[in-house]
$ cat structure_24.txt   # compact mmCIF, C-alpha atoms
# COMPACT_ATOMS: atom_id res chain seq x y z
CA MET I 1 -13.17 -113.91 -108.04
CA ASN I 2 -12.98 -115.30 -111.58
CA ALA I 3 -16.25 -116.67 -112.92
CA THR I 4 -14.68 -120.05 -113.69
CA PRO I 5 -13.21 -121.93 -110.69
CA ASP I 6 -9.62 -123.13 -110.91
CA ILE I 7 -10.52 -126.29 -109.01
CA ILE I 8 -13.89 -128.08 -108.70
CA ILE I 9 -14.91 -129.32 -105.25
CA GLN I 10 -17.82 -131.72 -104.86
CA GLU I 11 -19.35 -131.81 -101.37
CA VAL I 12 -20.01 -135.37 -100.20
CA CYS I 13 -20.91 -134.87 -96.53
CA PRO I 14 -24.65 -135.55 -96.94
CA ARG I 15 -23.83 -139.02 -98.27
CA ASP I 16 -20.29 -140.14 -97.42
CA GLY I 17 -19.99 -137.92 -94.36
CA LEU I 18 -23.16 -139.14 -92.65
CA GLN I 19 -23.19 -142.80 -93.64
CA ILE I 20 -21.18 -144.09 -90.66
CA GLU I 21 -22.48 -141.70 -88.01
CA PRO I 22 -23.76 -143.64 -84.97
CA VAL I 23 -26.73 -141.29 -84.63
CA ILE I 24 -28.98 -141.20 -87.68
CA VAL I 25 -29.50 -137.61 -88.80
CA SER I 26 -33.15 -136.81 -89.54
CA THR I 27 -34.37 -136.22 -93.07
CA GLU I 28 -35.27 -132.64 -92.19
CA ARG I 29 -31.75 -131.86 -90.93
CA LYS I 30 -30.18 -133.51 -93.99
CA VAL I 31 -32.35 -131.41 -96.30
CA ALA I 32 -31.52 -128.23 -94.36
CA LEU I 33 -27.80 -129.09 -94.55
CA ILE I 34 -27.92 -129.69 -98.30
CA ASP I 35 -29.88 -126.48 -98.88
CA ARG I 36 -27.28 -124.52 -96.90
CA LEU I 37 -24.45 -126.13 -98.87
CA SER I 38 -26.09 -125.34 -102.20
CA GLU I 39 -26.23 -121.66 -101.19
CA LEU I 40 -22.45 -121.56 -100.63
CA GLY I 41 -21.38 -122.03 -104.24
CA PHE I 42 -20.81 -125.76 -104.63
CA PRO I 43 -21.34 -126.85 -108.22
CA ARG I 44 -21.88 -130.48 -107.18
CA ILE I 45 -23.31 -132.10 -104.03
CA GLU I 46 -23.59 -135.84 -103.40
CA ALA I 47 -26.94 -135.58 -101.65
CA GLY I 48 -27.76 -139.17 -100.78
CA SER I 49 -27.71 -142.85 -101.52
CA PHE I 50 -30.01 -145.53 -102.89
CA VAL I 51 -28.28 -148.57 -101.43
CA SER I 52 -30.08 -151.14 -99.29
CA PRO I 53 -31.42 -149.56 -96.07
CA LYS I 54 -30.31 -152.71 -94.25
CA ALA I 55 -26.71 -152.15 -95.38
CA VAL I 56 -26.59 -148.40 -94.65
CA PRO I 57 -29.55 -147.44 -92.44
CA ALA I 58 -28.27 -143.88 -91.99
CA LEU I 59 -29.11 -143.17 -95.65
CA ALA I 60 -32.40 -145.02 -95.92
CA ASP I 61 -34.27 -141.78 -96.65
CA GLY I 62 -32.63 -141.01 -100.00
CA ASP I 63 -35.98 -140.76 -101.80
CA ALA I 64 -37.35 -138.22 -99.32
CA VAL I 65 -34.14 -136.19 -99.32
CA PHE I 66 -34.00 -135.81 -103.10
CA ARG I 67 -37.67 -134.90 -103.28
CA SER I 68 -37.35 -132.23 -100.56
CA ILE I 69 -34.16 -130.31 -101.35
CA VAL I 70 -34.25 -126.92 -103.06
CA ARG I 71 -33.02 -127.28 -106.65
CA ARG I 72 -30.67 -124.40 -107.42
CA GLU I 73 -29.60 -123.50 -110.92
CA GLY I 74 -26.09 -124.70 -111.65
CA VAL I 75 -25.96 -127.24 -108.80
CA ILE I 76 -25.78 -130.94 -109.73
CA PHE I 77 -27.23 -133.27 -107.08
CA VAL I 78 -25.57 -136.70 -107.25
CA ALA I 79 -26.93 -140.02 -105.97
CA LEU I 80 -24.82 -143.04 -105.05
CA ILE I 81 -26.36 -146.26 -106.39
CA PRO I 82 -25.26 -149.92 -106.26
CA ASN I 83 -27.33 -151.50 -109.03
CA LEU I 84 -30.32 -151.28 -111.37
CA ARG I 85 -32.85 -151.03 -108.53
CA GLY I 86 -30.90 -148.15 -107.01
CA ALA I 87 -30.76 -146.43 -110.40
CA GLU I 88 -34.51 -146.71 -110.83
CA ARG I 89 -35.15 -145.25 -107.38
CA ALA I 90 -32.68 -142.40 -107.95
CA LEU I 91 -34.23 -141.54 -111.32
CA ALA I 92 -37.70 -141.51 -109.80
CA ALA I 93 -36.52 -139.23 -106.99
CA GLY I 94 -35.02 -136.73 -109.43
CA ALA I 95 -31.26 -137.23 -109.07
CA ASP I 96 -29.21 -135.24 -111.59
CA GLU I 97 -26.36 -137.75 -111.78
CA LEU I 98 -25.75 -141.36 -110.78
CA ASN I 99 -22.56 -142.58 -109.13
CA LEU I 100 -21.84 -146.30 -109.07
CA VAL I 101 -19.01 -147.85 -107.04
CA MET I 102 -16.78 -150.87 -107.53
CA SER I 103 -13.50 -151.58 -105.76
CA ALA I 104 -10.23 -152.18 -107.54
CA SER I 105 -9.59 -154.76 -104.83
CA VAL I 106 -11.63 -157.92 -105.38
CA THR I 107 -11.55 -158.64 -101.65
CA HIS I 108 -12.89 -155.21 -100.72
CA ASN I 109 -15.51 -155.42 -103.48
CA ARG I 110 -16.83 -158.66 -102.01
CA VAL I 111 -16.95 -157.15 -98.51
CA ASN I 112 -18.44 -153.84 -99.68
CA MET I 113 -20.69 -154.95 -102.56
CA GLY I 114 -21.13 -158.68 -101.95
CA MET I 115 -19.86 -159.62 -105.42
CA GLY I 116 -16.80 -159.86 -107.64
CA HIS I 117 -15.81 -157.50 -110.45
CA GLU I 118 -17.97 -159.30 -113.01
CA GLY I 119 -21.11 -158.76 -110.94
CA SER I 120 -20.31 -155.08 -110.35
CA LEU I 121 -19.60 -154.43 -114.03
CA SER I 122 -22.85 -156.15 -114.96
CA ALA I 123 -24.72 -153.92 -112.47
CA LEU I 124 -23.09 -150.85 -114.03
CA ALA I 125 -24.15 -151.93 -117.51
CA GLU I 126 -27.75 -152.48 -116.37
CA ALA I 127 -27.91 -149.14 -114.54
CA THR I 128 -26.41 -147.25 -117.47
CA ALA I 129 -28.91 -148.83 -119.84
CA ALA I 130 -31.76 -147.88 -117.49
CA THR I 131 -30.92 -144.19 -117.76
CA GLY I 132 -31.49 -144.25 -121.52
CA GLY I 133 -28.89 -141.50 -121.76
CA ARG I 134 -31.14 -139.13 -119.79
CA ILE I 135 -28.62 -138.30 -117.07
CA HIS I 136 -24.89 -138.46 -116.47
CA VAL I 137 -23.36 -141.65 -115.05
CA ASN I 138 -20.15 -141.51 -113.02
CA ALA I 139 -18.30 -144.65 -111.94
CA THR I 140 -16.12 -144.70 -108.83
CA LEU I 141 -13.22 -147.08 -108.43
CA ALA I 142 -12.75 -147.55 -104.69
CA THR I 143 -9.42 -148.68 -103.18
CA ALA I 144 -7.79 -147.32 -106.34
CA PHE I 145 -4.60 -146.51 -104.43
CA GLY I 146 -4.57 -149.28 -101.85
CA CYS I 147 -6.72 -151.83 -100.01
CA PRO I 148 -6.64 -152.68 -96.28
CA PHE I 149 -7.01 -156.36 -97.18
CA GLU I 150 -4.76 -156.66 -100.26
CA GLY I 151 -2.36 -153.72 -100.00
CA GLN I 152 -1.36 -151.49 -102.93
CA GLN I 153 -3.28 -152.03 -106.15
CA ASP I 154 -1.56 -152.70 -109.46
CA GLU I 155 -1.75 -149.72 -111.79
CA GLY I 156 -2.40 -151.89 -114.82
CA LYS I 157 -5.45 -153.38 -113.13
CA VAL I 158 -6.74 -149.93 -112.20
CA LEU I 159 -6.41 -148.74 -115.80
CA ARG I 160 -8.12 -151.86 -117.17
CA LEU I 161 -11.07 -151.31 -114.83
CA ILE I 162 -11.33 -147.67 -115.93
CA GLU I 163 -11.43 -148.87 -119.55
CA ALA I 164 -14.15 -151.38 -118.64
CA TYR I 165 -16.19 -148.63 -116.96
CA LEU I 166 -15.95 -146.45 -120.06
CA ARG I 167 -16.89 -149.30 -122.43
CA LEU I 168 -20.04 -149.92 -120.36
CA GLY I 169 -21.22 -146.34 -120.59
CA ALA I 170 -19.71 -144.47 -117.67
CA GLN I 171 -19.14 -140.86 -118.72
CA SER I 172 -16.74 -139.89 -115.93
CA ILE I 173 -14.51 -141.64 -113.40
CA THR I 174 -13.67 -141.17 -109.71
CA LEU I 175 -10.53 -142.70 -108.22
CA ALA I 176 -11.07 -143.17 -104.50
CA ASP I 177 -8.45 -143.61 -101.79
CA THR I 178 -10.92 -145.44 -99.57
CA THR I 179 -8.68 -145.96 -96.54
CA GLY I 180 -6.13 -143.18 -96.95
CA MET I 181 -3.30 -145.30 -98.34
CA ALA I 182 -2.24 -142.89 -101.12
CA ASN I 183 0.85 -140.69 -101.07
CA PRO I 184 1.82 -137.76 -103.34
CA LYS I 185 4.23 -139.78 -105.49
CA LEU I 186 1.64 -142.49 -106.12
CA VAL I 187 -1.08 -139.90 -106.76
CA ARG I 188 0.95 -138.08 -109.41
CA ARG I 189 1.73 -141.30 -111.22
CA ARG I 190 -1.84 -142.61 -111.13
CA VAL I 191 -3.41 -139.31 -112.21
CA LYS I 192 -1.08 -138.99 -115.20
CA SER I 193 -1.94 -142.53 -116.25
CA ALA I 194 -5.70 -142.03 -115.77
CA LEU I 195 -5.66 -138.82 -117.79
CA GLY I 196 -4.46 -140.88 -120.72
CA LEU I 197 -7.93 -142.48 -120.72
CA VAL I 198 -10.22 -139.81 -119.23
CA PRO I 199 -10.43 -136.08 -120.03
CA ARG I 200 -9.47 -133.67 -117.26
CA ASP I 201 -13.06 -132.65 -116.57
CA GLY I 202 -14.08 -136.32 -116.43
CA LEU I 203 -11.77 -137.38 -113.60
CA THR I 204 -12.49 -136.87 -109.89
CA LEU I 205 -10.19 -137.75 -106.99
CA HIS I 206 -11.59 -138.81 -103.62
CA PHE I 207 -9.10 -138.82 -100.75
CA HIS I 208 -9.34 -139.71 -97.08
CA ASN I 209 -7.21 -138.11 -94.40
CA THR I 210 -6.72 -141.36 -92.51
CA ARG I 211 -2.95 -140.91 -92.27
CA GLY I 212 -2.84 -137.12 -92.47
CA LEU I 213 -2.01 -136.91 -96.19
CA GLY I 214 -5.38 -135.82 -97.56
CA LEU I 215 -4.61 -132.20 -98.47
CA VAL I 216 -1.11 -132.90 -99.77
CA ASN I 217 -2.57 -135.64 -101.98
CA VAL I 218 -5.12 -133.17 -103.36
CA MET I 219 -2.35 -130.75 -104.25
CA ALA I 220 -0.31 -133.54 -105.83
CA GLY I 221 -3.32 -134.56 -107.89
CA PHE I 222 -4.02 -130.99 -108.97
CA GLU I 223 -0.40 -130.44 -109.99
CA ALA I 224 -0.54 -133.67 -112.01
CA GLY I 225 -3.55 -132.37 -113.95
CA ALA I 226 -6.67 -133.37 -111.98
CA LEU I 227 -9.40 -130.72 -111.73
CA ARG I 228 -12.18 -132.27 -109.62
CA PHE I 229 -12.03 -133.39 -106.00
CA ASP I 230 -14.45 -134.74 -103.41
CA ALA I 231 -14.45 -133.33 -99.87
CA SER I 232 -16.68 -133.56 -96.82
CA LEU I 233 -17.78 -130.77 -94.49
CA GLY I 234 -15.97 -131.05 -91.18
CA GLY I 235 -13.91 -133.98 -92.45
CA LEU I 236 -16.73 -136.42 -91.69
CA GLY I 237 -17.09 -139.81 -93.28
CA GLY I 238 -15.48 -143.10 -94.10
CA CYS I 239 -16.31 -146.47 -95.58
CA PRO I 240 -18.35 -148.67 -93.21
CA PHE I 241 -16.82 -151.80 -94.77
CA ALA I 242 -13.11 -150.96 -94.51
CA PRO I 243 -11.07 -151.11 -91.29
CA GLY I 244 -9.55 -147.76 -90.32
CA ALA I 245 -11.32 -145.74 -93.03
CA SER I 246 -11.58 -142.50 -91.09
CA GLY I 247 -12.74 -139.18 -92.44
CA ASN I 248 -12.65 -137.62 -95.86
CA VAL I 249 -10.62 -134.58 -96.79
CA CYS I 250 -12.25 -131.69 -94.92
CA THR I 251 -14.03 -129.29 -97.27
CA GLU I 252 -13.40 -126.06 -95.40
CA ASP I 253 -9.75 -127.00 -94.85
CA LEU I 254 -9.39 -127.64 -98.59
CA VAL I 255 -11.16 -124.42 -99.59
CA ASN I 256 -8.96 -122.51 -97.15
CA LEU I 257 -5.83 -124.09 -98.65
CA CYS I 258 -6.99 -123.15 -102.14
CA GLU I 259 -7.54 -119.54 -101.09
CA GLU I 260 -4.12 -119.46 -99.40
CA VAL I 261 -2.39 -120.49 -102.64
CA GLY I 262 -4.57 -118.39 -104.95
CA LEU I 263 -6.91 -121.02 -106.42
CA ASN I 264 -10.50 -119.92 -106.96
CA THR I 265 -13.11 -122.47 -105.82
CA GLY I 266 -16.19 -120.29 -106.16
CA ILE I 267 -17.19 -121.34 -102.63
CA ASP I 268 -18.00 -119.00 -99.73
CA LEU I 269 -15.36 -119.95 -97.15
CA GLU I 270 -16.74 -117.82 -94.32
CA GLY I 271 -20.18 -119.34 -94.75
CA LEU I 272 -18.66 -122.80 -94.99
CA ILE I 273 -16.76 -122.37 -91.72
CA ALA I 274 -19.92 -121.11 -90.02
CA LEU I 275 -21.83 -124.18 -91.22
CA SER I 276 -19.05 -126.53 -90.14
CA ARG I 277 -19.20 -125.07 -86.64
CA GLU I 278 -22.82 -126.23 -86.46
CA LEU I 279 -21.94 -129.83 -87.34
CA PRO I 280 -21.18 -131.04 -83.79
CA SER I 281 -24.73 -130.17 -82.77
CA ILE I 282 -26.03 -132.19 -85.73
CA VAL I 283 -23.91 -135.33 -85.30
CA GLY I 284 -23.41 -135.12 -81.53
CA HIS I 285 -19.61 -135.06 -81.37
CA PRO I 286 -16.59 -132.92 -82.36
CA VAL I 287 -15.53 -133.11 -86.00
CA PRO I 288 -11.97 -133.40 -87.40
CA GLY I 289 -11.80 -130.17 -89.45
CA GLN I 290 -9.08 -127.71 -88.42
CA VAL I 291 -9.95 -124.34 -89.96
CA ALA I 292 -13.32 -124.20 -88.21
CA LYS I 293 -11.45 -124.52 -84.91
CA ALA I 294 -8.50 -122.23 -85.61
CA GLY I 295 -10.07 -119.75 -88.01
CA ARG I 296 -8.42 -118.52 -91.19
CA SER I 297 -4.83 -117.27 -91.04
CA CYS I 298 -6.14 -113.80 -91.98
CA ASP I 299 -8.44 -113.74 -88.94
CA LEU I 300 -6.30 -111.65 -86.60
CA HIS I 301 -6.77 -111.30 -82.87
CA PRO I 302 -6.18 -108.37 -80.51
CA ALA I 303 -2.89 -108.56 -78.64
CA PRO I 304 -3.17 -109.09 -74.87
CA PRO I 305 -2.57 -106.01 -72.70
CA THR I 306 1.07 -105.13 -72.17
CA PRO I 307 2.11 -105.21 -68.50
CA PRO I 308 2.87 -101.72 -67.12
$ encode --input "structure_24.txt" --output "structure tokens"
Amino acid sequence: MNATPDIIIQEVCPRDGLQIEPVIVSTERKVALIDRLSELGFPRIEAGSFVSPKAVPALADGDAVFRSIVRREGVIFVALIPNLRGAERALAAGADELNLVMSASVTHNRVNMGMGHEGSLSALAEATAATGGRIHVNATLATAFGCPFEGQQDEGKVLRLIEAYLRLGAQSITLADTTGMANPKLVRRRVKSALGLVPRDGLTLHFHNTRGLGLVNVMAGFEAGALRFDASLGGLGGCPFAPGASGNVCTEDLVNLCEEVGLNTGIDLEGLIALSRELPSIVGHPVPGQVAKAGRSCDLHPAPPTPP
């Protein structure tokens, strides 16, 4: 493999993948999962969250998780935060990067964050100031392709919010398809517009497979110039505050696709599939990923005996 990946995949299962699971995964199992993931070649792992434990009880142990994981050279451990208090907790726990979220949709932002755009932008400014430039700040724009309450989001509004993020100190941007409403045509158009404001290595795309378009949207985004993509082991995850927001793009399915078309991810696919096959025992139910069930296309099987 080439030393430099052709496509950057950030693993978000420990945060986004586990946040809506009905059974709360123990801190010890989360730490073990993150440590296994960091051994597989991921350059970036969203390891936890510092939101209110009342809002997302499954991630209430963010402090303990960040303090317990093995720090591997070259791996950036990202923390999702909602505000200044979350930023302070994440900094104290040793997060390498902060990720703040606001929705392009005002309605979804009120449901998800309990405030309008002005409040969210103010929280971003406070959190960014609190870092004192010590660590990287990423800002995610949820429902950037469509909202279950408002429908498709105006591109001009999306671009204005990106500009506001950048003015307030965000150093990179994630565009999130929170409920799987994107399509390849829309993705290409939005990525080309966003890259007029953000450098290629400063833009991440976050897709859900709600309507079966997750992988094709990744490929559309990559062809339009995007380099970085979120994905979740086993295809777990979804927004707890958006109707129908089923799982994220499945990491092992995406890595398999990249290998099929000759894109280097730097990630150990065999190890990833093996880890995904352990997920049902961790979360207590089958997971959506396909490659872990079917195996890779290069995994051949013996032919059945020929009748005499």
$ atom_distance --input "structure_24.txt" --atom1 "CA of Gly196 (chain I)" --atom2 "CA of Gln153 (chain I)"
18.4 Å
$ atom_distance --input "structure_24.txt" --atom1 "CA of Arg188 (chain I)" --atom2 "CA of Leu168 (chain I)"
26.5 Å
$ axis_aligned_box --input "structure_24.txt" --around "region 90-102 of chain I" --padding-each-side "3 Å" --output "JSON"
{"center_x": -27.2, "center_y": -143.1, "center_z": -109.4, "size_x": 26.9, "size_y": 21.6, "size_z": 10.8}
$ atom_distance --input "structure_24.txt" --atom1 "CA of Ser49 (chain I)" --atom2 "CA of Ala64 (chain I)"
10.9 Å
$ closest_residue --input "structure_24.txt" --among "I:Ser103, I:Asn209, I:Ser232, I:Ser38" --to "Leu279 (chain I)" --atoms "all atoms listed in the file"
I:Ser232
$ residues_around --input "structure_24.txt" --residues "Asn217 (chain I)" --least-positions-apart "5" --cutoff "8 Å" --atoms "all atoms listed in the file" --output "PyMOL selection string"
chain I and resi 182-184+187+207
$ residues_around --input "structure_24.txt" --residues "Ile34 (chain I)" --least-positions-apart "6" --cutoff "7 Å" --atoms "all atoms listed in the file" --output "number ranges by chain"
I: 14, 47, 69
$ residues_around --input "structure_24.txt" --residues "region 263-276 of chain I" --least-positions-apart "3" --cutoff "9 Å" --atoms "only C-alpha atoms" --output "PyMOL selection string"
chain I and resi 1-9+33+36-37+39-43+233-234+251-253+255-260+279-280+287+289+291-293+295-296
$ residues_around --input "structure_24.txt" --residues "Pro57 (chain I)" --least-positions-apart "2" --cutoff "12 Å" --atoms "only C-alpha atoms" --output "list in words"
Arg15, Leu18, Gln19, Ile20, Glu21, Pro22, Val23, Ile24, Val25, Ser26, Gly48, Ser49, Phe50, Val51, Ser52, Pro53, Lys54, Ala55, Leu59, Ala60, Asp61, Gly62 and Pro240 of chain I
$ write_last_selection --input "structure_24.txt" --atoms "C-alpha atoms" --output "compact mmCIF listing (two decimals), keeping the file's coordinate frame"
# COMPACT_ATOMS: atom_id res chain seq x y z
CA ARG I 15 -23.83 -139.02 -98.27
CA LEU I 18 -23.16 -139.14 -92.65
CA GLN I 19 -23.19 -142.80 -93.64
CA ILE I 20 -21.18 -144.09 -90.66
CA GLU I 21 -22.48 -141.70 -88.01
CA PRO I 22 -23.76 -143.64 -84.97
CA VAL I 23 -26.73 -141.29 -84.63
CA ILE I 24 -28.98 -141.20 -87.68
CA VAL I 25 -29.50 -137.61 -88.80
CA SER I 26 -33.15 -136.81 -89.54
CA GLY I 48 -27.76 -139.17 -100.78
CA SER I 49 -27.71 -142.85 -101.52
CA PHE I 50 -30.01 -145.53 -102.89
CA VAL I 51 -28.28 -148.57 -101.43
CA SER I 52 -30.08 -151.14 -99.29
CA PRO I 53 -31.42 -149.56 -96.07
CA LYS I 54 -30.31 -152.71 -94.25
CA ALA I 55 -26.71 -152.15 -95.38
CA LEU I 59 -29.11 -143.17 -95.65
CA ALA I 60 -32.40 -145.02 -95.92
CA ASP I 61 -34.27 -141.78 -96.65
CA GLY I 62 -32.63 -141.01 -100.00
CA PRO I 240 -18.35 -148.67 -93.21
$ closest_residue --input "structure_24.txt" --among "I:Pro308, I:Gly132, I:Gly202, I:Gly212" --to "Gly225 (chain I)" --atoms "only C-alpha atoms"
I:Gly202
$ closest_residue --input "structure_24.txt" --among "I:Glu278, I:Asp299, I:Glu46, I:Asp154" --to "Leu186 (chain I)" --atoms "all atoms listed in the file"
I:Asp154
$ residues_around --input "structure_24.txt" --residues "Leu197 (chain I)" --least-positions-apart "6" --cutoff "12 Å" --atoms "only C-alpha atoms" --output "list in words"
Val158, Leu159, Arg160, Leu161, Ile162, Glu163, Ala164, Tyr165, Leu166, Arg167, Gln171, Ser172, Ile173, Arg190, Val191 and Leu203 of chain I
$ closest_residue --input "structure_24.txt" --among "I:Pro148, I:Gly237, I:Gly156, I:Gly169" --to "Val111 (chain I)" --atoms "only C-alpha atoms"
I:Pro148
$ closest_residue --input "structure_24.txt" --among "I:Val249, I:Ala58, I:Ala139, I:Ala123" --to "Leu98 (chain I)" --atoms "all atoms listed in the file"
I:Ala139
$ closest_residue --input "structure_24.txt" --among "I:His285, I:Lys192, I:Lys30, I:Arg44" --to "Val75 (chain I)" --atoms "all atoms listed in the file"
I:Arg44
